[in-house]
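Student: File follows, model-v6.csv with CSV, C-alpha atoms:
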chain,number,residue,atom,x,y,z
U,1480,MET,CA,-16.6,3.6,1.6
U,1481,ILE,CA,-15.3,5.3,-1.5
U,1482,PRO,CA,-12.3,3.5,-3.1
U,1483,VAL,CA,-9.1,5.4,-3.7
U,1484,GLU,CA,-8.1,5.9,-7.3
U,1485,ILE,CA,-4.5,5.1,-8.2
U,1486,LEU,CA,-2.7,5.6,-11.5
U,1487,LEU,CA,0.2,3.2,-12.1
U,1488,VAL,CA,2.5,4.3,-14.9
U,1489,GLU,CA,4.7,1.2,-15.6
U,1490,ASP,CA,5.8,-0.6,-18.7
U,1491,ASN,CA,7.4,-3.7,-17.1
U,1492,PRO,CA,4.7,-6.5,-17.1
U,1493,GLY,CA,6.3,-8.3,-14.1
U,1494,ASP,CA,6.3,-5.1,-12.0
U,1495,VAL,CA,2.7,-4.4,-13.0
U,1496,ARG,CA,1.6,-7.9,-12.0
U,1497,LEU,CA,3.3,-7.6,-8.6
U,1498,THR,CA,1.9,-4.1,-7.9
U,1499,VAL,CA,-1.6,-5.2,-8.8
U,1500,GLU,CA,-1.3,-8.3,-6.5
U,1501,ALA,CA,0.0,-6.1,-3.6
U,1502,PHE,CA,-2.9,-3.6,-4.0
U,1503,ILE,CA,-5.5,-6.4,-4.1
U,1504,GLU,CA,-4.1,-7.8,-0.9
U,1505,SER,CA,-3.8,-4.4,0.8
U,1506,LYS,CA,-6.5,-3.3,3.3
U,1507,ILE,CA,-7.2,-0.2,1.3
U,1508,LEU,CA,-10.2,-0.3,-1.0
U,1509,ASN,CA,-8.7,0.9,-4.3
U,1510,ASN,CA,-9.1,1.1,-8.0
U,1511,LEU,CA,-5.8,0.7,-9.8
U,1512,HIS,CA,-5.6,2.1,-13.3
U,1513,ILE,CA,-2.7,1.2,-15.4
U,1514,VAL,CA,-1.0,3.0,-18.3
U,1515,GLU,CA,2.2,1.7,-19.9
U,1516,ASP,CA,3.9,4.8,-21.3
U,1517,GLY,CA,4.4,8.5,-20.7
U,1518,ILE,CA,2.1,9.7,-23.5
U,1519,ASP,CA,-0.8,7.6,-22.2
U,1520,ALA,CA,0.0,8.8,-18.6
U,1521,LEU,CA,-0.5,12.4,-19.6
U,1522,ALA,CA,-3.5,11.6,-21.8
U,1523,TYR,CA,-5.1,9.8,-18.8
U,1524,LEU,CA,-4.5,12.7,-16.5
U,1525,ARG,CA,-5.8,15.2,-18.9
U,1526,LYS,CA,-8.8,13.0,-19.6
U,1527,GLU,CA,-8.1,13.0,-23.3
U,1528,GLY,CA,-9.6,10.6,-25.9
U,1529,LYS,CA,-10.5,7.2,-24.4
U,1530,TYR,CA,-9.6,8.5,-20.9
U,1531,GLU,CA,-12.4,11.1,-21.0
U,1532,ARG,CA,-14.5,9.4,-18.3
U,1533,GLU,CA,-11.7,8.1,-16.1
U,1534,PRO,CA,-11.5,9.5,-12.6
U,1535,ARG,CA,-8.6,11.7,-11.6
U,1536,PRO,CA,-6.2,9.7,-9.4
U,1537,ASP,CA,-5.6,10.3,-5.7
U,1538,LEU,CA,-2.0,9.1,-6.1
U,1539,ILE,CA,0.3,8.4,-9.1
U,1540,LEU,CA,3.0,5.7,-9.1
U,1541,LEU,CA,5.5,6.7,-11.8
U,1542,ASP,CA,8.3,4.7,-13.3
U,1543,LEU,CA,11.2,6.8,-14.7
U,1544,ASN,CA,12.2,4.8,-17.7
U,1545,LEU,CA,9.2,4.7,-19.9
U,1546,PRO,CA,8.6,4.3,-23.6
U,1547,LYS,CA,7.5,7.2,-25.8
U,1548,LYS,CA,7.8,9.8,-23.1
U,1549,ASP,CA,10.3,9.6,-20.2
U,1550,GLY,CA,9.0,9.5,-16.6
U,1551,ARG,CA,11.1,12.6,-15.8
U,1552,GLU,CA,9.2,14.6,-18.5
U,1553,VAL,CA,5.9,13.3,-17.4
U,1554,LEU,CA,6.7,14.4,-13.8
U,1555,GLU,CA,7.8,17.8,-15.0
U,1556,GLU,CA,4.5,18.3,-16.9
U,1557,ILE,CA,2.3,17.1,-14.1
U,1558,LYS,CA,4.0,19.4,-11.6
U,1559,LYS,CA,3.7,22.5,-13.8
U,1560,GLU,CA,0.0,22.0,-14.6
U,1561,ASP,CA,-3.1,23.0,-12.7
U,1562,PRO,CA,-5.0,21.0,-11.4
U,1563,LEU,CA,-2.6,18.1,-11.8
U,1564,LYS,CA,0.3,19.4,-9.8
U,1565,LYS,CA,-1.4,18.8,-6.4
U,1566,ILE,CA,-1.6,15.1,-7.0
U,1567,PRO,CA,1.1,13.2,-5.1
U,1568,VAL,CA,3.6,11.4,-7.4
U,1569,VAL,CA,5.5,8.5,-6.0
U,1570,VAL,CA,8.5,7.8,-8.2
U,1571,LEU,CA,9.0,4.0,-8.2
U,1572,THR,CA,12.0,2.9,-10.3
U,1573,THR,CA,14.8,0.4,-10.5
U,1574,SER,CA,17.3,3.3,-10.4
U,1575,SER,CA,19.1,4.2,-7.2
U,1576,ALA,CA,21.4,6.7,-8.9
U,1577,GLU,CA,21.9,9.8,-6.8
U,1578,GLU,CA,21.4,11.9,-9.9
U,1579,ASP,CA,17.9,10.4,-10.5
U,1580,ILE,CA,16.9,10.9,-6.9
U,1581,ILE,CA,18.0,14.6,-6.8
U,1582,LYS,CA,16.5,15.4,-10.2
U,1583,SER,CA,13.2,13.8,-9.3
U,1584,TYR,CA,12.9,15.8,-6.0
U,1585,GLU,CA,13.9,18.9,-7.9
U,1586,LEU,CA,11.0,18.2,-10.3
U,1587,TYR,CA,8.7,18.0,-7.2
U,1588,ALA,CA,8.3,14.3,-7.0
U,1589,ASN,CA,6.5,13.7,-3.7
U,1590,CYS,CA,8.8,10.9,-2.9
U,1591,TYR,CA,11.3,8.6,-4.6
U,1592,ILE,CA,11.5,4.8,-4.0
U,1593,THR,CA,13.8,2.3,-5.5
U,1594,LYS,CA,12.1,-0.9,-6.5
U,1595,PRO,CA,13.6,-3.8,-4.5
U,1596,VAL,CA,14.7,-6.8,-6.7
U,1597,ASP,CA,13.4,-9.3,-4.2
U,1598,ILE,CA,9.7,-10.1,-4.7
U,1599,ASN,CA,8.8,-10.1,-1.0
U,1600,GLN,CA,10.6,-6.8,-0.4
U,1601,PHE,CA,8.8,-5.4,-3.4
U,1602,MET,CA,5.4,-6.5,-2.0
U,1603,LYS,CA,6.4,-4.9,1.4
U,1604,VAL,CA,7.3,-1.6,-0.3
U,1605,ILE,CA,3.9,-1.5,-2.1
U,1606,ARG,CA,2.1,-2.2,1.2
U,1607,SER,CA,4.0,0.6,2.9
U,1608,ILE,CA,3.1,3.0,0.1
U,1609,ALA,CA,-0.6,2.0,0.4
U,1610,ASN,CA,-0.5,2.3,4.2
U,1611,PHE,CA,1.4,5.6,4.4
U,1612,TRP,CA,-0.4,7.5,1.6
U,1613,PHE,CA,-3.9,6.3,2.4
U,1614,SER,CA,-4.0,6.0,6.2
U,1615,ILE,CA,-1.4,8.4,7.5
U,1616,VAL,CA,-1.3,11.2,4.9
U,1617,LYS,CA,-4.1,13.6,4.1
U,1618,LEU,CA,-4.5,13.6,0.3
U,1619,PRO,CA,-5.5,16.7,-1.6
U,1620,PRO,CA,-9.2,17.1,-2.0
U,1621,ASP,CA,-10.6,16.5,-5.5
U,1622,GLY,CA,-13.9,17.4,-7.1
U,1623,HIS,CA,-15.2,13.9,-7.4
U,1624,LYS,CA,-14.8,13.1,-3.7
U,1625,MET,CA,-16.5,16.3,-2.4
S,71,MET,CA,39.0,-1.2,18.2
S,72,ASN,CA,35.8,-1.3,16.3
S,73,VAL,CA,36.5,-0.3,12.8
S,74,ALA,CA,33.0,-1.0,11.4
S,75,LYS,CA,31.8,2.0,9.4
S,76,LYS,CA,28.9,3.7,11.2
S,77,LYS,CA,25.9,4.3,9.1
S,78,LYS,CA,25.6,7.9,8.2
S,79,SER,CA,23.0,9.7,10.3
S,80,ILE,CA,19.9,11.3,8.9
S,81,GLU,CA,19.7,15.1,9.3
S,82,LEU,CA,16.2,16.0,10.4
S,83,LEU,CA,14.9,19.6,10.8
S,84,LEU,CA,11.9,20.0,13.0
S,85,VAL,CA,10.0,23.3,12.7
S,86,GLU,CA,7.5,23.4,15.5
S,87,ASP,CA,6.5,26.0,18.1
S,88,ASN,CA,4.1,24.1,20.3
S,89,PRO,CA,6.1,22.8,23.3
S,90,SER,CA,3.9,19.8,24.0
S,91,ASP,CA,3.9,18.7,20.4
S,92,LEU,CA,7.6,19.2,20.3
S,93,ARG,CA,8.1,17.1,23.4
S,94,LEU,CA,6.0,14.2,21.9
S,95,MET,CA,7.9,14.4,18.6
S,96,VAL,CA,11.3,14.4,20.3
S,97,GLU,CA,10.3,11.5,22.5
S,98,ALA,CA,9.1,9.5,19.5
S,99,ILE,CA,12.3,10.2,17.6
S,100,ARG,CA,14.5,9.3,20.6
S,101,GLU,CA,12.7,6.0,21.0
S,102,SER,CA,13.0,5.1,17.4
S,103,ASN,CA,15.9,3.0,16.1
S,104,PHE,CA,16.9,5.5,13.4
S,105,ASN,CA,20.2,7.2,13.5
S,106,ILE,CA,18.9,10.7,13.5
S,107,ASN,CA,20.6,14.0,14.1
S,108,LEU,CA,17.7,16.2,15.3
S,109,ASN,CA,17.7,19.9,14.8
S,110,ILE,CA,14.9,22.0,16.1
S,111,VAL,CA,13.8,25.5,15.3
S,112,GLN,CA,10.7,27.1,16.7
S,113,ASN,CA,9.6,29.7,14.2
S,114,GLY,CA,9.5,30.3,10.5
S,115,GLU,CA,12.3,32.9,10.5
S,116,GLU,CA,14.6,30.6,12.3
S,117,ALA,CA,13.8,27.8,9.8
S,118,ILE,CA,14.9,30.0,7.0
S,119,ALA,CA,18.0,31.2,8.8
S,120,TYR,CA,18.9,27.6,9.5
S,121,LEU,CA,18.5,26.6,5.8
S,122,TYR,CA,20.4,29.6,4.6
S,123,LYS,CA,23.1,28.9,7.2
S,124,LYS,CA,22.9,32.4,8.7
S,125,ASP,CA,24.8,33.5,11.8
S,126,LYS,CA,24.6,30.9,14.5
S,127,TYR,CA,23.5,28.3,11.9
S,128,ALA,CA,26.7,28.7,9.8
S,129,GLN,CA,27.8,25.2,10.7
S,130,SER,CA,24.3,23.6,10.3
S,131,ASN,CA,24.0,20.5,8.2
S,132,PHE,CA,21.8,20.2,5.2
S,133,PRO,CA,18.6,18.4,6.3
S,134,ASN,CA,17.6,15.2,4.5
S,135,LEU,CA,14.0,15.8,5.6
S,136,ILE,CA,12.0,18.7,7.1
S,137,LEU,CA,8.9,18.3,9.4
S,138,LEU,CA,7.1,21.6,9.1
S,139,ASP,CA,4.2,23.0,11.2
S,140,LEU,CA,1.9,25.5,9.3
S,141,ASN,CA,1.0,27.9,12.0
S,142,LEU,CA,4.3,29.4,13.2
S,143,PRO,CA,5.2,32.6,14.8
S,144,ARG,CA,7.1,35.3,12.8
S,145,LYS,CA,7.0,33.6,9.5
S,146,ASP,CA,4.1,31.4,8.6
S,147,GLY,CA,4.8,27.7,7.6
S,148,ARG,CA,3.1,28.3,4.2
S,149,GLU,CA,5.6,31.0,3.4
S,150,VAL,CA,8.5,28.9,4.6
S,151,LEU,CA,7.2,26.1,2.4
S,152,ALA,CA,6.9,28.4,-0.6
S,153,GLU,CA,10.4,29.7,-0.1
S,154,ILE,CA,12.0,26.3,0.2
S,155,LYS,CA,10.2,24.9,-2.9
S,156,ASN,CA,11.1,27.9,-5.0
S,157,HIS,CA,14.8,27.8,-4.1
S,158,THR,CA,17.1,26.2,-6.6
S,159,LEU,CA,19.1,24.2,-4.0
S,160,LEU,CA,16.6,23.8,-1.2
S,161,ARG,CA,13.6,22.6,-3.1
S,162,ARG,CA,14.9,19.0,-3.3
S,163,ILE,CA,14.5,18.6,0.4
S,164,PRO,CA,11.3,16.6,1.2
S,165,VAL,CA,8.9,18.6,3.4
S,166,VAL,CA,6.4,16.8,5.5
S,167,VAL,CA,3.7,19.2,6.6
S,168,LEU,CA,2.6,18.2,10.1
S,169,THR,CA,-0.1,20.3,11.5
S,170,THR,CA,-3.3,20.4,13.6
S,171,SER,CA,-5.2,21.9,10.7
S,172,ASN,CA,-7.5,19.7,8.8
S,173,SER,CA,-8.9,22.4,6.6
S,174,TYR,CA,-9.6,21.9,2.9
S,175,ASN,CA,-7.8,25.1,2.0
S,176,ASP,CA,-4.6,24.3,4.0
S,177,ILE,CA,-4.3,20.8,2.5
S,178,LEU,CA,-4.9,22.1,-1.1
S,179,THR,CA,-2.5,25.1,-0.6
S,180,ALA,CA,0.3,22.9,0.9
S,181,TYR,CA,0.1,20.4,-2.1
S,182,ASN,CA,0.0,23.3,-4.6
S,183,LEU,CA,3.1,24.7,-3.0
S,184,GLN,CA,4.7,21.3,-3.5
S,185,ALA,CA,4.7,20.0,0.0
S,186,ASN,CA,5.9,16.4,-0.2
S,187,CYS,CA,3.0,15.2,2.0
S,188,TYR,CA,0.5,16.6,4.4
S,189,ILE,CA,-0.3,15.0,7.8
S,190,THR,CA,-2.8,16.0,10.4
S,191,LYS,CA,-1.4,15.6,14.0
S,192,PRO,CA,-3.6,13.3,16.0
S,193,ILE,CA,-4.7,14.6,19.4
S,194,ASP,CA,-4.3,11.3,21.1
S,195,LYS,CA,-0.8,10.6,22.3
S,196,LEU,CA,-0.6,7.0,21.2
S,197,LYS,CA,-1.9,7.9,17.8
S,198,PHE,CA,0.7,10.7,17.6
S,199,ASN,CA,3.4,8.2,18.3
S,200,GLU,CA,2.1,5.9,15.7
S,201,VAL,CA,2.1,8.7,13.1
S,202,MET,CA,5.7,9.6,14.0
S,203,ASN,CA,6.8,6.0,13.6
S,204,SER,CA,5.0,5.8,10.2
S,205,ILE,CA,6.8,8.9,9.0
S,206,GLY,CA,10.1,7.5,10.1
S,207,ASP,CA,9.5,4.1,8.6
S,208,PHE,CA,8.3,5.4,5.3
S,209,TRP,CA,10.9,8.2,4.8
S,210,PHE,CA,13.9,6.5,6.3
S,211,ASN,CA,13.3,2.8,5.4
S,212,ILE,CA,11.2,2.9,2.2
S,213,ALA,CA,11.9,6.2,0.4
S,214,GLN,CA,15.3,7.4,-0.8
S,215,LEU,CA,16.2,10.8,0.5
S,216,PRO,CA,18.2,13.4,-1.5
S,217,SER,CA,21.7,14.3,-0.4
S,218,MET,CA,23.7,17.4,-1.2
S,219,GLN,CA,26.4,15.3,-2.9
S,220,ASN,CA,28.1,17.0,-5.8
S,221,ASN,CA,26.8,20.3,-4.6
S,222,HIS,CA,29.9,22.0,-3.3
S,223,TYR,CA,28.2,25.3,-3.4
S,224,TYR,CA,25.8,24.5,-0.6
S,225,ASN,CA,28.6,23.6,1.7
S,226,LYS,CA,29.8,27.2,1.5
S,227,LYS,CA,26.7,29.2,1.2
S,228,VAL,CA,23.1,28.8,0.0
Can I see the file as structure tokens?
Tutor:
Amino acid sequence: MIPVEILLVEDNPGDVRLTVEAFIESKILNNLHIVEDGIDALAYLRKEGKYEREPRPDLILLDLNLPKKDGREVLEEIKKEDPLKKIPVVVLTTSSAEEDIIKSYELYANCYITKPVDINQFMKVIRSIANFWFSIVKLPPDGHKM
Amino acid sequence: MNVAKKKKSIELLLVEDNPSDLRLMVEAIRESNFNINLNIVQNGEEAIAYLYKKDKYAQSNFPNLILLDLNLPRKDGREVLAEIKNHTLLRRIPVVVLTTSNSYNDILTAYNLQANCYITKPIDKLKFNEVMNSIGDFWFNIAQLPSMQNNHYYNKKV
């Protein structure tokens, strides 16, 4: 079985740790790659510099409030650029502001999820993401899987 | 008298022409615990008319989520998808492509047109139900759906 490749763009260490734990416990065989700011996220996706040999992700989990380059800008660039735009982007953020939800969907986020504050709820959300995107949804085909 | 505020219902637009698939979907939705206001159109032209509030759809509600088949009469699902995702006001609506097609090209095209996700309909009835429940659970319990709040323009005309 080929593992799925996930890119987590998150600067909060506590959230990173919880997400990593939830993916380890999930039934989905996965490789989780982590970058902590918006500049690194785009460098990773464009395979620049030290990311030259990294696989293109099947799914991106993107925080909105990121250092160096904001998550909204990262989202906008991903969704304007071939061949990145086909990769599903799940916005995962503490914000539940109507403005952020609408803006993200208008920038073609594939879905928007507010991080629950409660740890158990957070783990449940990550499990739901893993289950929905990797066992219900058909992900876009990518060269390295063909 | 019960004065408890009722939770606002979710407006769901279902674009599907196959009667047996439609029946399965409607059943699954009715059996779910979600407070859904279900709207059904059976071809691509009707889908666009509904979204633009044309004629008999003048009073239609803005959908919070669209389930879209790809192979539709009159106007193809791919065209409907492209039109939604290029429209200033409509593009925020999440579109779940739900189709029998499993083809490489259809999947790639749908994502490039900014479909929010692509799901292949299972043939087995139980599996179909399971998929419908997963869609409901993910989009209504986990994800946040966009509203038309602060968009007075839509309420008059798209």
Student: For Pro1567 (chain U), which of U:Glu1585, U:Asp1597, U:Glu1515, U:Asp1537 is the closest residue, counting only C-alpha atoms?
Tutor: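 Under the stated criterion, the closest residue is U:Asp1537.
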Student: Skipping near chain neighbours, those fewer than 2 positions away, what residues fall within 12 Å of Lys191 (chain S) using all atoms listed in the file, listed as a count of residues only?
Tutor: 33
Student: Could you list, with a cut-off of 6 Å and counting all atoms listed in the file, the residues of chain S near chain U, each shown with its nearest atom pair and the distance in Å rounded to one decimal, rows sorted by chain and ascending number, as a Markdown table?
Tutor:
| residue | atom | partner | partner_atom | distance |
| --- | --- | --- | --- | --- |
| S:Arg162 | CA | U:Tyr1584 | CA | 4.6 |
| S:Ile177 | CA | U:Pro1619 | CA | 5.9 |
| S:Leu178 | CA | U:Pro1619 | CA | 5.5 |
| S:Tyr181 | CA | U:Lys1565 | CA | 4.8 |
| S:Asn182 | CA | U:Lys1565 | CA | 5.0 |
| S:Asn186 | CA | U:Asn1589 | CA | 4.5 |
| S:Tyr188 | CA | U:Lys1617 | CA | 5.5 |
| S:Ile189 | CA | U:Val1616 | CA | 4.9 |
| S:Ala213 | CA | U:Ile1592 | CA | 4.6 |
| S:Gln214 | CA | U:Ile1592 | CA | 5.6 |
| S:Pro216 | CA | U:Ile1581 | CA | 5.4 |
Student: Between CA of Arg1606 (chain U) and CA of Val165 (chain S), measure the distance and give it in Å to one decimal.
Tutor: 22.0 Å
Student: For CA of Asn156 (chain S) and CA of Gln184 (chain S), quote the distance in Å rounded to one decimal.
Tutor: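 Computing the Euclidean distance for CA of Asn156 (chain S) and CA of Gln184 (chain S) yields 9.3 Å.
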Student: Could you work out how far CA of Thr1573 (chain U) lies from CA of Pro164 (chain S), giving the answer in Å with one decimal?
Tutor: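 Separating CA of Pro164 (chain S) from CA of Thr1573 (chain U) is a distance of 20.3 Å.
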Student: Around all the atoms of region 1482-1486 of chain U listed in the file, with 5 Å of room on each side, what axis-aligned box do you get, giving centre and edge lengths in Å to one decimal, as JSON?
Tutor:
{"center_x": -7.5, "center_y": 4.7, "center_z": -7.3, "size_x": 19.6, "size_y": 12.4, "size_z": 18.4}
Student: Name the residues within 8 Å of (3.9, -5.8, -4.3), counting only C-alpha atoms in the file's coordinates, and put them as a ChimeraX atom specification.
Tutor: /U:1497-1502,1598-1606
